[in-house]
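Undergrad: So here's coords_3.cif, just mmCIF, C-alpha atoms:
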data_protein
loop_
_atom_site.group_PDB
_atom_site.id
_atom_site.type_symbol
_atom_site.label_atom_id
_atom_site.label_comp_id
_atom_site.auth_asym_id
_atom_site.auth_seq_id
_atom_site.Cartn_x
_atom_site.Cartn_y
_atom_site.Cartn_z
ATOM 1 C CA MET I 1 119.619 115.484 119.464
ATOM 2 C CA LYS I 2 117.053 118.157 120.256
ATOM 3 C CA ILE I 3 113.498 117.476 119.055
ATOM 4 C CA VAL I 4 110.359 119.619 118.846
ATOM 5 C CA TYR I 5 107.222 117.470 119.066
ATOM 6 C CA PHE I 6 104.000 118.511 117.306
ATOM 7 C CA GLY I 7 100.751 116.762 118.280
ATOM 8 C CA THR I 8 97.290 117.165 119.771
ATOM 9 C CA PRO I 9 94.959 114.144 120.432
ATOM 10 C CA LEU I 10 95.220 111.079 122.677
ATOM 11 C CA PHE I 11 97.007 109.078 119.967
ATOM 12 C CA SER I 12 99.757 111.687 119.868
ATOM 13 C CA ALA I 13 99.860 112.059 123.645
ATOM 14 C CA ALA I 14 100.501 108.341 124.105
ATOM 15 C CA VAL I 15 103.377 108.439 121.612
ATOM 16 C CA LEU I 16 104.865 111.501 123.324
ATOM 17 C CA ARG I 17 104.689 109.818 126.717
ATOM 18 C CA TYR I 18 106.505 106.793 125.261
ATOM 19 C CA LEU I 19 109.302 108.927 123.812
ATOM 20 C CA LEU I 20 109.745 110.717 127.135
ATOM 21 C CA HIS I 21 109.892 107.367 128.929
ATOM 22 C CA LYS I 22 112.664 106.373 126.503
ATOM 23 C CA LYS I 23 114.535 109.578 127.410
ATOM 24 C CA GLY I 24 113.945 111.353 124.112
ATOM 25 C CA GLU I 25 115.309 114.922 124.198
ATOM 26 C CA ILE I 26 112.059 116.809 123.604
ATOM 27 C CA VAL I 27 112.922 120.498 124.045
ATOM 28 C CA ALA I 28 109.419 121.813 123.259
ATOM 29 C CA VAL I 29 105.913 120.691 122.385
ATOM 30 C CA VAL I 30 103.622 122.385 119.872
ATOM 31 C CA THR I 31 99.913 121.643 120.179
ATOM 32 C CA GLN I 32 96.571 123.198 119.308
ATOM 33 C CA PRO I 33 95.211 126.047 121.470
ATOM 34 C CA ASP I 34 92.863 125.154 124.331
ATOM 35 C CA ARG I 35 89.361 124.482 123.007
ATOM 36 C CA PRO I 36 85.853 124.472 124.562
ATOM 37 C CA LYS I 37 84.911 121.075 125.946
ATOM 38 C CA GLY I 38 81.783 119.477 127.347
ATOM 39 C CA ARG I 39 78.447 121.066 128.110
ATOM 40 C CA SER I 40 80.011 123.896 130.074
ATOM 41 C CA GLY I 41 82.093 125.009 127.110
ATOM 42 C CA ALA I 42 85.058 125.665 129.394
ATOM 43 C CA LEU I 43 88.433 125.808 127.673
ATOM 44 C CA ALA I 44 90.436 122.604 128.028
ATOM 45 C CA PRO I 45 94.014 121.758 127.004
ATOM 46 C CA SER I 46 94.759 119.027 124.487
ATOM 47 C CA PRO I 47 95.952 115.590 125.684
ATOM 48 C CA VAL I 48 99.433 116.402 124.357
ATOM 49 C CA CYS I 49 99.428 119.651 126.307
ATOM 50 C CA GLU I 50 98.623 117.726 129.490
ATOM 51 C CA VAL I 51 101.541 115.329 128.972
ATOM 52 C CA ALA I 52 103.910 118.226 128.296
ATOM 53 C CA LYS I 53 102.779 119.988 131.492
ATOM 54 C CA GLU I 54 103.422 116.843 133.526
ATOM 55 C CA ALA I 55 106.944 116.651 132.089
ATOM 56 C CA SER I 56 107.570 120.425 132.499
ATOM 57 C CA ILE I 57 108.307 120.819 128.782
ATOM 58 C CA PRO I 58 107.852 124.264 127.165
ATOM 59 C CA ILE I 59 104.520 124.419 125.301
ATOM 60 C CA PHE I 60 103.584 126.464 122.227
ATOM 61 C CA GLN I 61 99.958 126.775 121.072
ATOM 62 C CA PRO I 62 99.842 128.919 117.928
ATOM 63 C CA GLU I 63 96.543 129.562 116.178
ATOM 64 C CA LYS I 64 98.524 129.424 112.926
ATOM 65 C CA CYS I 65 102.010 128.010 112.478
ATOM 66 C CA SER I 66 102.718 130.556 109.771
ATOM 67 C CA GLN I 67 102.841 133.486 112.211
ATOM 68 C CA GLU I 68 106.244 135.174 112.162
ATOM 69 C CA TYR I 69 106.630 135.346 115.932
ATOM 70 C CA PHE I 70 106.105 131.585 116.156
ATOM 71 C CA LEU I 71 108.590 130.832 113.365
ATOM 72 C CA GLN I 72 111.189 132.915 115.187
ATOM 73 C CA GLU I 73 110.518 131.123 118.471
ATOM 74 C CA MET I 74 110.997 127.764 116.765
ATOM 75 C CA ALA I 75 114.269 128.902 115.183
ATOM 76 C CA ASN I 76 115.509 130.089 118.579
ATOM 77 C CA LEU I 77 115.066 126.603 120.060
ATOM 78 C CA GLY I 78 117.859 125.224 117.891
ATOM 79 C CA ALA I 79 116.223 121.801 117.489
ATOM 80 C CA SER I 80 117.677 119.385 114.926
ATOM 81 C CA LEU I 81 114.459 117.491 114.104
ATOM 82 C CA TYR I 82 110.713 118.076 114.223
ATOM 83 C CA VAL I 83 108.428 115.099 114.908
ATOM 84 C CA VAL I 84 104.748 115.437 113.957
ATOM 85 C CA VAL I 85 102.045 113.036 115.177
ATOM 86 C CA ALA I 86 98.442 114.090 114.483
ATOM 87 C CA PHE I 87 99.005 117.794 115.068
ATOM 88 C CA GLY I 88 96.005 119.190 113.201
ATOM 89 C CA GLN I 89 97.557 122.014 111.169
ATOM 90 C CA ILE I 90 99.434 122.040 107.876
ATOM 91 C CA LEU I 91 103.008 123.189 108.481
ATOM 92 C CA PRO I 92 104.192 125.993 106.178
ATOM 93 C CA GLN I 93 107.384 125.588 104.174
ATOM 94 C CA LYS I 94 109.166 128.233 106.273
ATOM 95 C CA LEU I 95 108.641 126.037 109.333
ATOM 96 C CA LEU I 96 109.641 122.826 107.557
ATOM 97 C CA ASP I 97 112.910 124.498 106.548
ATOM 98 C CA ILE I 98 114.026 125.376 110.081
ATOM 99 C CA PRO I 99 115.392 122.092 111.521
ATOM 100 C CA PRO I 100 118.625 120.933 109.817
ATOM 101 C CA LEU I 101 117.537 117.275 109.813
ATOM 102 C CA GLY I 102 114.061 118.115 108.538
ATOM 103 C CA CYS I 103 110.605 117.108 109.760
ATOM 104 C CA ILE I 104 109.103 113.639 110.002
ATOM 105 C CA ASN I 105 105.466 112.648 110.339
ATOM 106 C CA VAL I 106 103.737 109.524 111.657
ATOM 107 C CA HIS I 107 100.766 108.735 109.408
ATOM 108 C CA ALA I 108 98.196 106.053 110.227
ATOM 109 C CA SER I 109 98.125 104.294 106.857
ATOM 110 C CA LEU I 110 100.415 102.553 104.410
ATOM 111 C CA LEU I 111 101.266 105.482 102.160
ATOM 112 C CA PRO I 112 100.478 106.401 99.435
ATOM 113 C CA LEU I 113 97.117 104.923 100.492
ATOM 114 C CA TYR I 114 94.763 107.141 102.498
ATOM 115 C CA ARG I 115 96.516 110.480 102.491
ATOM 116 C CA GLY I 116 94.580 112.985 104.563
ATOM 117 C CA ALA I 117 92.846 113.626 107.867
ATOM 118 C CA ALA I 118 90.943 110.355 108.431
ATOM 119 C CA PRO I 119 93.068 107.420 107.225
ATOM 120 C CA MET I 120 91.899 104.939 109.860
ATOM 121 C CA GLN I 121 88.195 105.651 109.424
ATOM 122 C CA ARG I 122 88.354 105.632 105.625
ATOM 123 C CA SER I 123 90.316 102.384 105.492
ATOM 124 C CA LEU I 124 87.711 100.688 107.702
ATOM 125 C CA MET I 125 84.891 102.062 105.569
ATOM 126 C CA ASP I 126 86.571 100.444 102.578
ATOM 127 C CA GLY I 127 86.858 97.119 104.395
ATOM 128 C CA VAL I 128 90.641 96.757 104.042
ATOM 129 C CA SER I 129 92.217 93.549 105.330
ATOM 130 C CA GLU I 130 95.569 95.200 106.099
ATOM 131 C CA THR I 131 96.813 98.612 107.162
ATOM 132 C CA GLY I 132 99.611 100.117 109.239
ATOM 133 C CA VAL I 133 101.659 103.214 109.945
ATOM 134 C CA SER I 134 104.156 105.101 107.800
ATOM 135 C CA ILE I 135 106.870 107.499 108.873
ATOM 136 C CA GLN I 136 107.540 110.012 106.137
ATOM 137 C CA LYS I 137 109.726 113.009 105.481
ATOM 138 C CA MET I 138 107.444 116.023 105.472
ATOM 139 C CA VAL I 139 106.983 118.156 102.370
ATOM 140 C CA ARG I 140 104.579 120.975 101.581
ATOM 141 C CA GLN I 141 102.122 118.671 99.793
ATOM 142 C CA LEU I 142 99.912 116.769 102.229
ATOM 143 C CA ASP I 143 101.282 113.325 103.141
ATOM 144 C CA ALA I 144 103.365 113.172 99.952
ATOM 145 C CA GLY I 145 106.845 112.858 101.474
ATOM 146 C CA ASP I 146 109.255 109.982 100.972
ATOM 147 C CA VAL I 147 108.611 107.058 103.337
ATOM 148 C CA ILE I 148 111.386 106.207 105.790
ATOM 149 C CA ALA I 149 109.735 103.241 107.521
ATOM 150 C CA GLU I 150 106.424 101.424 107.793
ATOM 151 C CA ALA I 151 104.829 98.643 109.814
ATOM 152 C CA LYS I 152 101.744 96.569 108.970
ATOM 153 C CA ILE I 153 98.947 94.787 110.823
ATOM 154 C CA PRO I 154 95.954 92.689 109.675
ATOM 155 C CA VAL I 155 92.492 94.210 110.071
ATOM 156 C CA PRO I 156 89.804 91.767 111.238
ATOM 157 C CA LEU I 157 86.299 92.217 109.855
ATOM 158 C CA GLU I 158 84.910 93.166 113.277
ATOM 159 C CA MET I 159 87.619 95.707 114.246
ATOM 160 C CA THR I 160 86.323 99.177 115.158
ATOM 161 C CA PHE I 161 88.025 102.547 114.750
ATOM 162 C CA GLY I 162 88.754 102.667 118.480
ATOM 163 C CA GLU I 163 90.435 99.271 118.367
ATOM 164 C CA LEU I 164 92.418 100.086 115.229
ATOM 165 C CA GLU I 165 93.540 103.390 116.714
ATOM 166 C CA GLN I 166 94.905 101.602 119.759
ATOM 167 C CA GLU I 167 96.713 98.998 117.628
ATOM 168 C CA LEU I 168 98.320 101.617 115.399
ATOM 169 C CA ARG I 169 99.273 103.787 118.344
ATOM 170 C CA GLU I 170 101.201 100.896 119.877
ATOM 171 C CA LEU I 171 102.721 100.055 116.495
ATOM 172 C CA SER I 172 103.883 103.646 116.063
ATOM 173 C CA LYS I 173 105.847 103.892 119.288
ATOM 174 C CA PRO I 174 108.807 101.566 118.621
ATOM 175 C CA LEU I 175 108.804 102.385 114.902
ATOM 176 C CA LEU I 176 109.136 106.102 115.541
ATOM 177 C CA LEU I 177 111.804 105.557 118.182
ATOM 178 C CA SER I 178 113.864 103.469 115.744
ATOM 179 C CA VAL I 179 113.672 106.228 113.125
ATOM 180 C CA ILE I 180 114.697 108.893 115.647
ATOM 181 C CA GLU I 181 117.659 106.741 116.686
ATOM 182 C CA ALA I 182 118.653 106.410 113.025
ATOM 183 C CA PHE I 183 118.690 110.206 112.663
ATOM 184 C CA LYS I 184 121.343 110.378 115.381
ATOM 185 C CA GLU I 185 123.749 108.653 112.995
ATOM 186 C CA ARG I 186 122.672 110.167 109.671
ATOM 187 C CA ILE I 187 119.570 111.125 107.710
ATOM 188 C CA PRO I 188 118.029 107.697 106.967
ATOM 189 C CA PRO I 189 117.178 106.646 103.406
ATOM 190 C CA ALA I 190 113.573 106.955 102.233
ATOM 191 C CA ALA I 191 111.523 105.697 99.300
ATOM 192 C CA ALA I 192 109.413 107.928 97.052
ATOM 193 C CA GLN I 193 105.684 107.191 97.068
ATOM 194 C CA ASP I 194 104.101 105.618 94.000
ATOM 195 C CA THR I 195 101.854 108.450 92.805
ATOM 196 C CA THR I 196 99.786 106.052 90.675
ATOM 197 C CA LYS I 197 98.487 104.388 93.861
ATOM 198 C CA VAL I 198 97.468 107.497 95.820
ATOM 199 C CA THR I 199 94.095 107.396 97.582
ATOM 200 C CA LEU I 200 92.637 110.130 99.779
ATOM 201 C CA ALA I 201 91.122 110.113 103.265
ATOM 202 C CA PRO I 202 89.246 113.392 103.799
ATOM 203 C CA LYS I 203 87.875 114.233 107.231
ATOM 204 C CA ILE I 204 84.580 112.710 108.324
ATOM 205 C CA GLU I 205 81.655 115.055 107.710
ATOM 206 C CA THR I 206 78.662 115.126 110.049
ATOM 207 C CA GLU I 207 76.191 114.091 107.370
ATOM 208 C CA GLU I 208 78.167 110.917 106.653
ATOM 209 C CA CYS I 209 77.346 109.514 110.078
ATOM 210 C CA GLU I 210 73.661 108.842 109.330
ATOM 211 C CA ILE I 211 72.981 105.250 108.254
ATOM 212 C CA ASP I 212 71.227 104.602 104.949
ATOM 213 C CA TRP I 213 69.658 101.185 105.339
ATOM 214 C CA SER I 214 69.088 100.840 101.584
ATOM 215 C CA GLY I 215 72.821 100.205 101.157
ATOM 216 C CA SER I 216 74.481 96.805 101.406
ATOM 217 C CA ALA I 217 74.947 95.208 104.813
ATOM 218 C CA GLU I 218 78.692 95.065 104.224
ATOM 219 C CA LYS I 219 78.972 98.810 103.616
ATOM 220 C CA ILE I 220 76.723 99.628 106.560
ATOM 221 C CA HIS I 221 78.711 97.333 108.869
ATOM 222 C CA ASN I 222 81.960 98.942 107.724
ATOM 223 C CA LYS I 223 80.583 102.445 108.283
ATOM 224 C CA ILE I 224 79.419 101.579 111.793
ATOM 225 C CA ARG I 225 82.785 100.160 112.874
ATOM 226 C CA ALA I 226 84.681 102.999 111.160
ATOM 227 C CA LEU I 227 82.779 105.566 113.263
ATOM 228 C CA SER I 228 82.884 103.659 116.559
ATOM 229 C CA PRO I 229 83.218 104.850 119.241
ATOM 230 C CA ARG I 230 83.348 108.386 117.832
ATOM 231 C CA PRO I 231 81.572 110.191 116.383
ATOM 232 C CA GLY I 232 79.239 107.197 116.041
ATOM 233 C CA ALA I 233 76.976 106.085 113.197
ATOM 234 C CA TRP I 234 73.301 106.706 113.876
ATOM 235 C CA CYS I 235 69.785 106.448 112.500
ATOM 236 C CA TRP I 236 66.254 107.475 113.446
ATOM 237 C CA ILE I 237 63.983 104.925 115.112
ATOM 238 C CA GLU I 238 60.397 105.131 116.285
ATOM 239 C CA VAL I 239 59.818 103.613 119.724
ATOM 240 C CA GLU I 240 56.310 103.619 121.234
ATOM 241 C CA GLY I 241 55.265 106.402 118.894
ATOM 242 C CA GLU I 242 58.301 108.608 119.582
ATOM 243 C CA LYS I 243 60.999 109.320 117.012
ATOM 244 C CA ARG I 244 64.433 109.085 118.566
ATOM 245 C CA ARG I 245 68.049 109.229 117.494
ATOM 246 C CA PHE I 246 69.717 105.840 117.808
ATOM 247 C CA LYS I 247 73.481 105.321 117.721
ATOM 248 C CA ILE I 248 74.924 101.960 116.661
ATOM 249 C CA LEU I 249 78.492 101.203 117.710
ATOM 250 C CA ARG I 250 79.005 97.554 116.824
ATOM 251 C CA THR I 251 77.349 95.079 114.471
ATOM 252 C CA ARG I 252 77.909 91.614 113.044
ATOM 253 C CA LEU I 253 77.448 90.760 109.394
ATOM 254 C CA VAL I 254 74.749 88.089 109.294
ATOM 255 C CA SER I 255 74.412 87.909 105.531
ATOM 256 C CA THR I 256 75.786 89.754 102.528
ATOM 257 C CA ALA I 257 73.606 88.150 99.873
ATOM 258 C CA GLU I 258 69.852 87.987 100.453
ATOM 259 C CA ILE I 259 67.615 90.757 99.186
ATOM 260 C CA GLY I 260 64.506 91.523 101.177
ATOM 261 C CA PRO I 261 62.371 94.303 102.624
ATOM 262 C CA VAL I 262 64.693 97.149 103.591
ATOM 263 C CA LYS I 263 64.733 97.966 107.319
ATOM 264 C CA HIS I 264 62.864 94.812 108.346
ATOM 265 C CA PHE I 265 63.773 94.322 112.002
ATOM 266 C CA SER I 266 63.769 91.020 113.887
ATOM 267 C CA LEU I 267 62.891 91.689 117.529
ATOM 268 C CA ALA I 268 63.959 88.179 118.533
ATOM 269 C CA GLU I 269 67.425 88.324 116.975
ATOM 270 C CA GLY I 270 68.169 92.043 116.776
ATOM 271 C CA THR I 271 68.882 91.843 113.053
ATOM 272 C CA ILE I 272 68.105 94.470 110.426
ATOM 273 C CA GLN I 273 67.533 93.638 106.781
ATOM 274 C CA CYS I 274 69.464 96.099 104.613
ATOM 275 C CA GLY I 275 69.255 96.692 100.882
ATOM 276 C CA ILE I 276 71.397 93.595 100.394
ATOM 277 C CA GLY I 277 72.147 91.351 103.358
ATOM 278 C CA SER I 278 71.566 91.965 107.040
ATOM 279 C CA VAL I 279 73.386 92.980 110.214
ATOM 280 C CA GLN I 280 72.918 92.112 113.863
ATOM 281 C CA LEU I 281 73.076 94.835 116.513
ATOM 282 C CA LEU I 282 75.776 94.096 119.112
ATOM 283 C CA GLU I 283 76.344 97.454 120.815
ATOM 284 C CA VAL I 284 74.015 100.457 120.761
ATOM 285 C CA GLN I 285 73.311 103.765 122.464
ATOM 286 C CA PRO I 286 69.683 104.941 122.527
ATOM 287 C CA GLU I 287 69.169 108.687 122.747
ATOM 288 C CA SER I 288 70.044 110.115 126.212
ATOM 289 C CA LYS I 289 71.141 106.699 127.484
ATOM 290 C CA LYS I 290 74.391 104.893 128.112
ATOM 291 C CA ILE I 291 76.047 102.476 125.705
ATOM 292 C CA MET I 292 74.623 98.969 126.103
ATOM 293 C CA SER I 293 74.740 95.600 124.433
ATOM 294 C CA GLY I 294 72.205 94.814 121.738
ATOM 295 C CA VAL I 295 70.879 91.981 123.934
ATOM 296 C CA ASP I 296 70.193 94.313 126.883
ATOM 297 C CA TRP I 297 68.503 96.830 124.600
ATOM 298 C CA LEU I 298 66.236 94.147 123.150
ATOM 299 C CA ARG I 299 65.251 92.954 126.622
ATOM 300 C CA GLY I 300 63.994 96.428 127.508
ATOM 301 C CA LEU I 301 61.733 96.769 124.474
ATOM 302 C CA LYS I 302 57.996 96.390 124.801
ATOM 303 C CA ALA I 303 57.382 96.487 121.075
ATOM 304 C CA SER I 304 59.431 96.276 117.924
ATOM 305 C CA PRO I 305 60.875 99.685 116.965
ATOM 306 C CA LYS I 306 60.506 101.076 113.466
ATOM 307 C CA PHE I 307 63.759 101.846 111.645
#
What's the structure tokens form of this structure?

TA:
Amino acid sequence: MKIVYFGTPLFSAAVLRYLLHKKGEIVAVVTQPDRPKGRSGALAPSPVCEVAKEASIPIFQPEKCSQEYFLQEMANLGASLYVVVAFGQILPQKLLDIPPLGCINVHASLLPLYRGAAPMQRSLMDGVSETGVSIQKMVRQLDAGDVIAEAKIPVPLEMTFGELEQELRELSKPLLLSVIEAFKERIPPAAAQDTTKVTLAPKIETEECEIDWSGSAEKIHNKIRALSPRPGAWCWIEVEGEKRRFKILRTRLVSTAEIGPVKHFSLAEGTIQCGIGSVQLLEVQPESKKIMSGVDWLRGLKASPKF
């Protein structure tokens, strides 16, 4: 069964590598065009593109999937199924209609919860205790297709986005393979999503990453872990008279109840009093410095910083 694989980031690259290891018949890969990267701004291929190059698989990098030349190229491949894993573009109906078995998508949430671009980050911000991955039949409406299969995992209170991403990536691999194998026999059954339970997960905006210490410790802790390690939650601090940007990558909830002076900082314990409750700094990145533990950062301070 010939498959065209659509994907772009590391999550998708790892899944593609797994399918290739399992001898999946990937006849082509579609990924985003090369983008500027790093301080030099030099164009760099996506992680999926790199995996496809290693495997000598034909690569397509359309700016828009709706372009007629691209649609014709896809039709010429004669693939039976399209598999989409974090591609980064909405597929037009003309493209969805090409493969006879349809298109399937791996989505990092338990649909209909967290439809959209940032399901993992938004679920962590909301403090969910459980999440997972869903494999759905693709339709024109975003993440609204019938669900073929899903798998769940618990979400510990301390889990970061980076850790959740790794867990869901590993969960996706065998689940997707089992669905692909099912397509070799027949189009597998799927269940319609309950539209009364839909929640949305829009992309993370830059302004959301700044920490508002007047909020509750629980919400602040959840924001920090949802944005760790990237793009990273941050705040301004004043150290020895200089105002600096300060990124916080990991915290521990110390209390969720007490109300006290907002932004009171304990130099001895590395705890910050929020609007309600307090958090302890476990992993930080001062401006222009490497990531370090909260303990190491505290040791290097000569005076208590102002948050």

Undergrad: If the PyMOL selection byres ((chain I and resi 81) around 9) were run on this exact file, what residues would it hold? Put them as a ChimeraX atom specification.

TA: /I:1-5,79-80,82-83,98-104,180,183

Undergrad: Using only C-alpha atoms, find the one residue out of I:Leu281, I:Ile237, I:Ala217, I:Leu20 that sits nearest to Glu258 in chain I.

TA: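 Of I:Leu281, I:Ile237, I:Ala217, I:Leu20, the one nearest Glu258 in chain I, counting only C-alpha atoms, is I:Ala217.
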
Undergrad: Take CA of Met138 in chain I and CA of Ser123 in chain I and report the distance between them in Å, one decimal.

TA: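 Going from CA of Met138 in chain I over to CA of Ser123 in chain I, I get 21.9 Å.
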
Undergrad: Under the PyMOL selection byres ((chain I and resi 153) around 9), which residues of this model are included? Write them out as an NGL selection string.

TA: :I and (129-133 or 151-152 or 154-155 or 167-168 or 171)

Undergrad: Write out as a ChimeraX atom specification each polymer residue whose atoms come within 9 Å of Ala257 in chain I, counting only C-alpha atoms; drop sequence neighbours fewer than 6 positions from it.

TA: /I:216-217,276-278

Undergrad: Using all atoms listed in the file and a cutoff of 12 Å, can you tell me which residues are near (79.7, 94.7, 103.3) in the file's coordinates, and write them out as a PyMOL selection string?

TA: chain I and resi 124-128+157-158+215-225+251-257+274-279

Undergrad: Between CA of Phe307 in chain I and CA of Glu205 in chain I, what is the distance in Å, rounded to a tenth?

TA: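 Atom-to-atom, CA of Phe307 in chain I and CA of Glu205 in chain I are spaced 22.6 Å apart.
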
Undergrad: Any idea what the distance is between CA of Met120 in chain I and CA of Lys263 in chain I?

TA: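 Computing the Euclidean distance for CA of Met120 in chain I and CA of Lys263 in chain I yields 28.2 Å.
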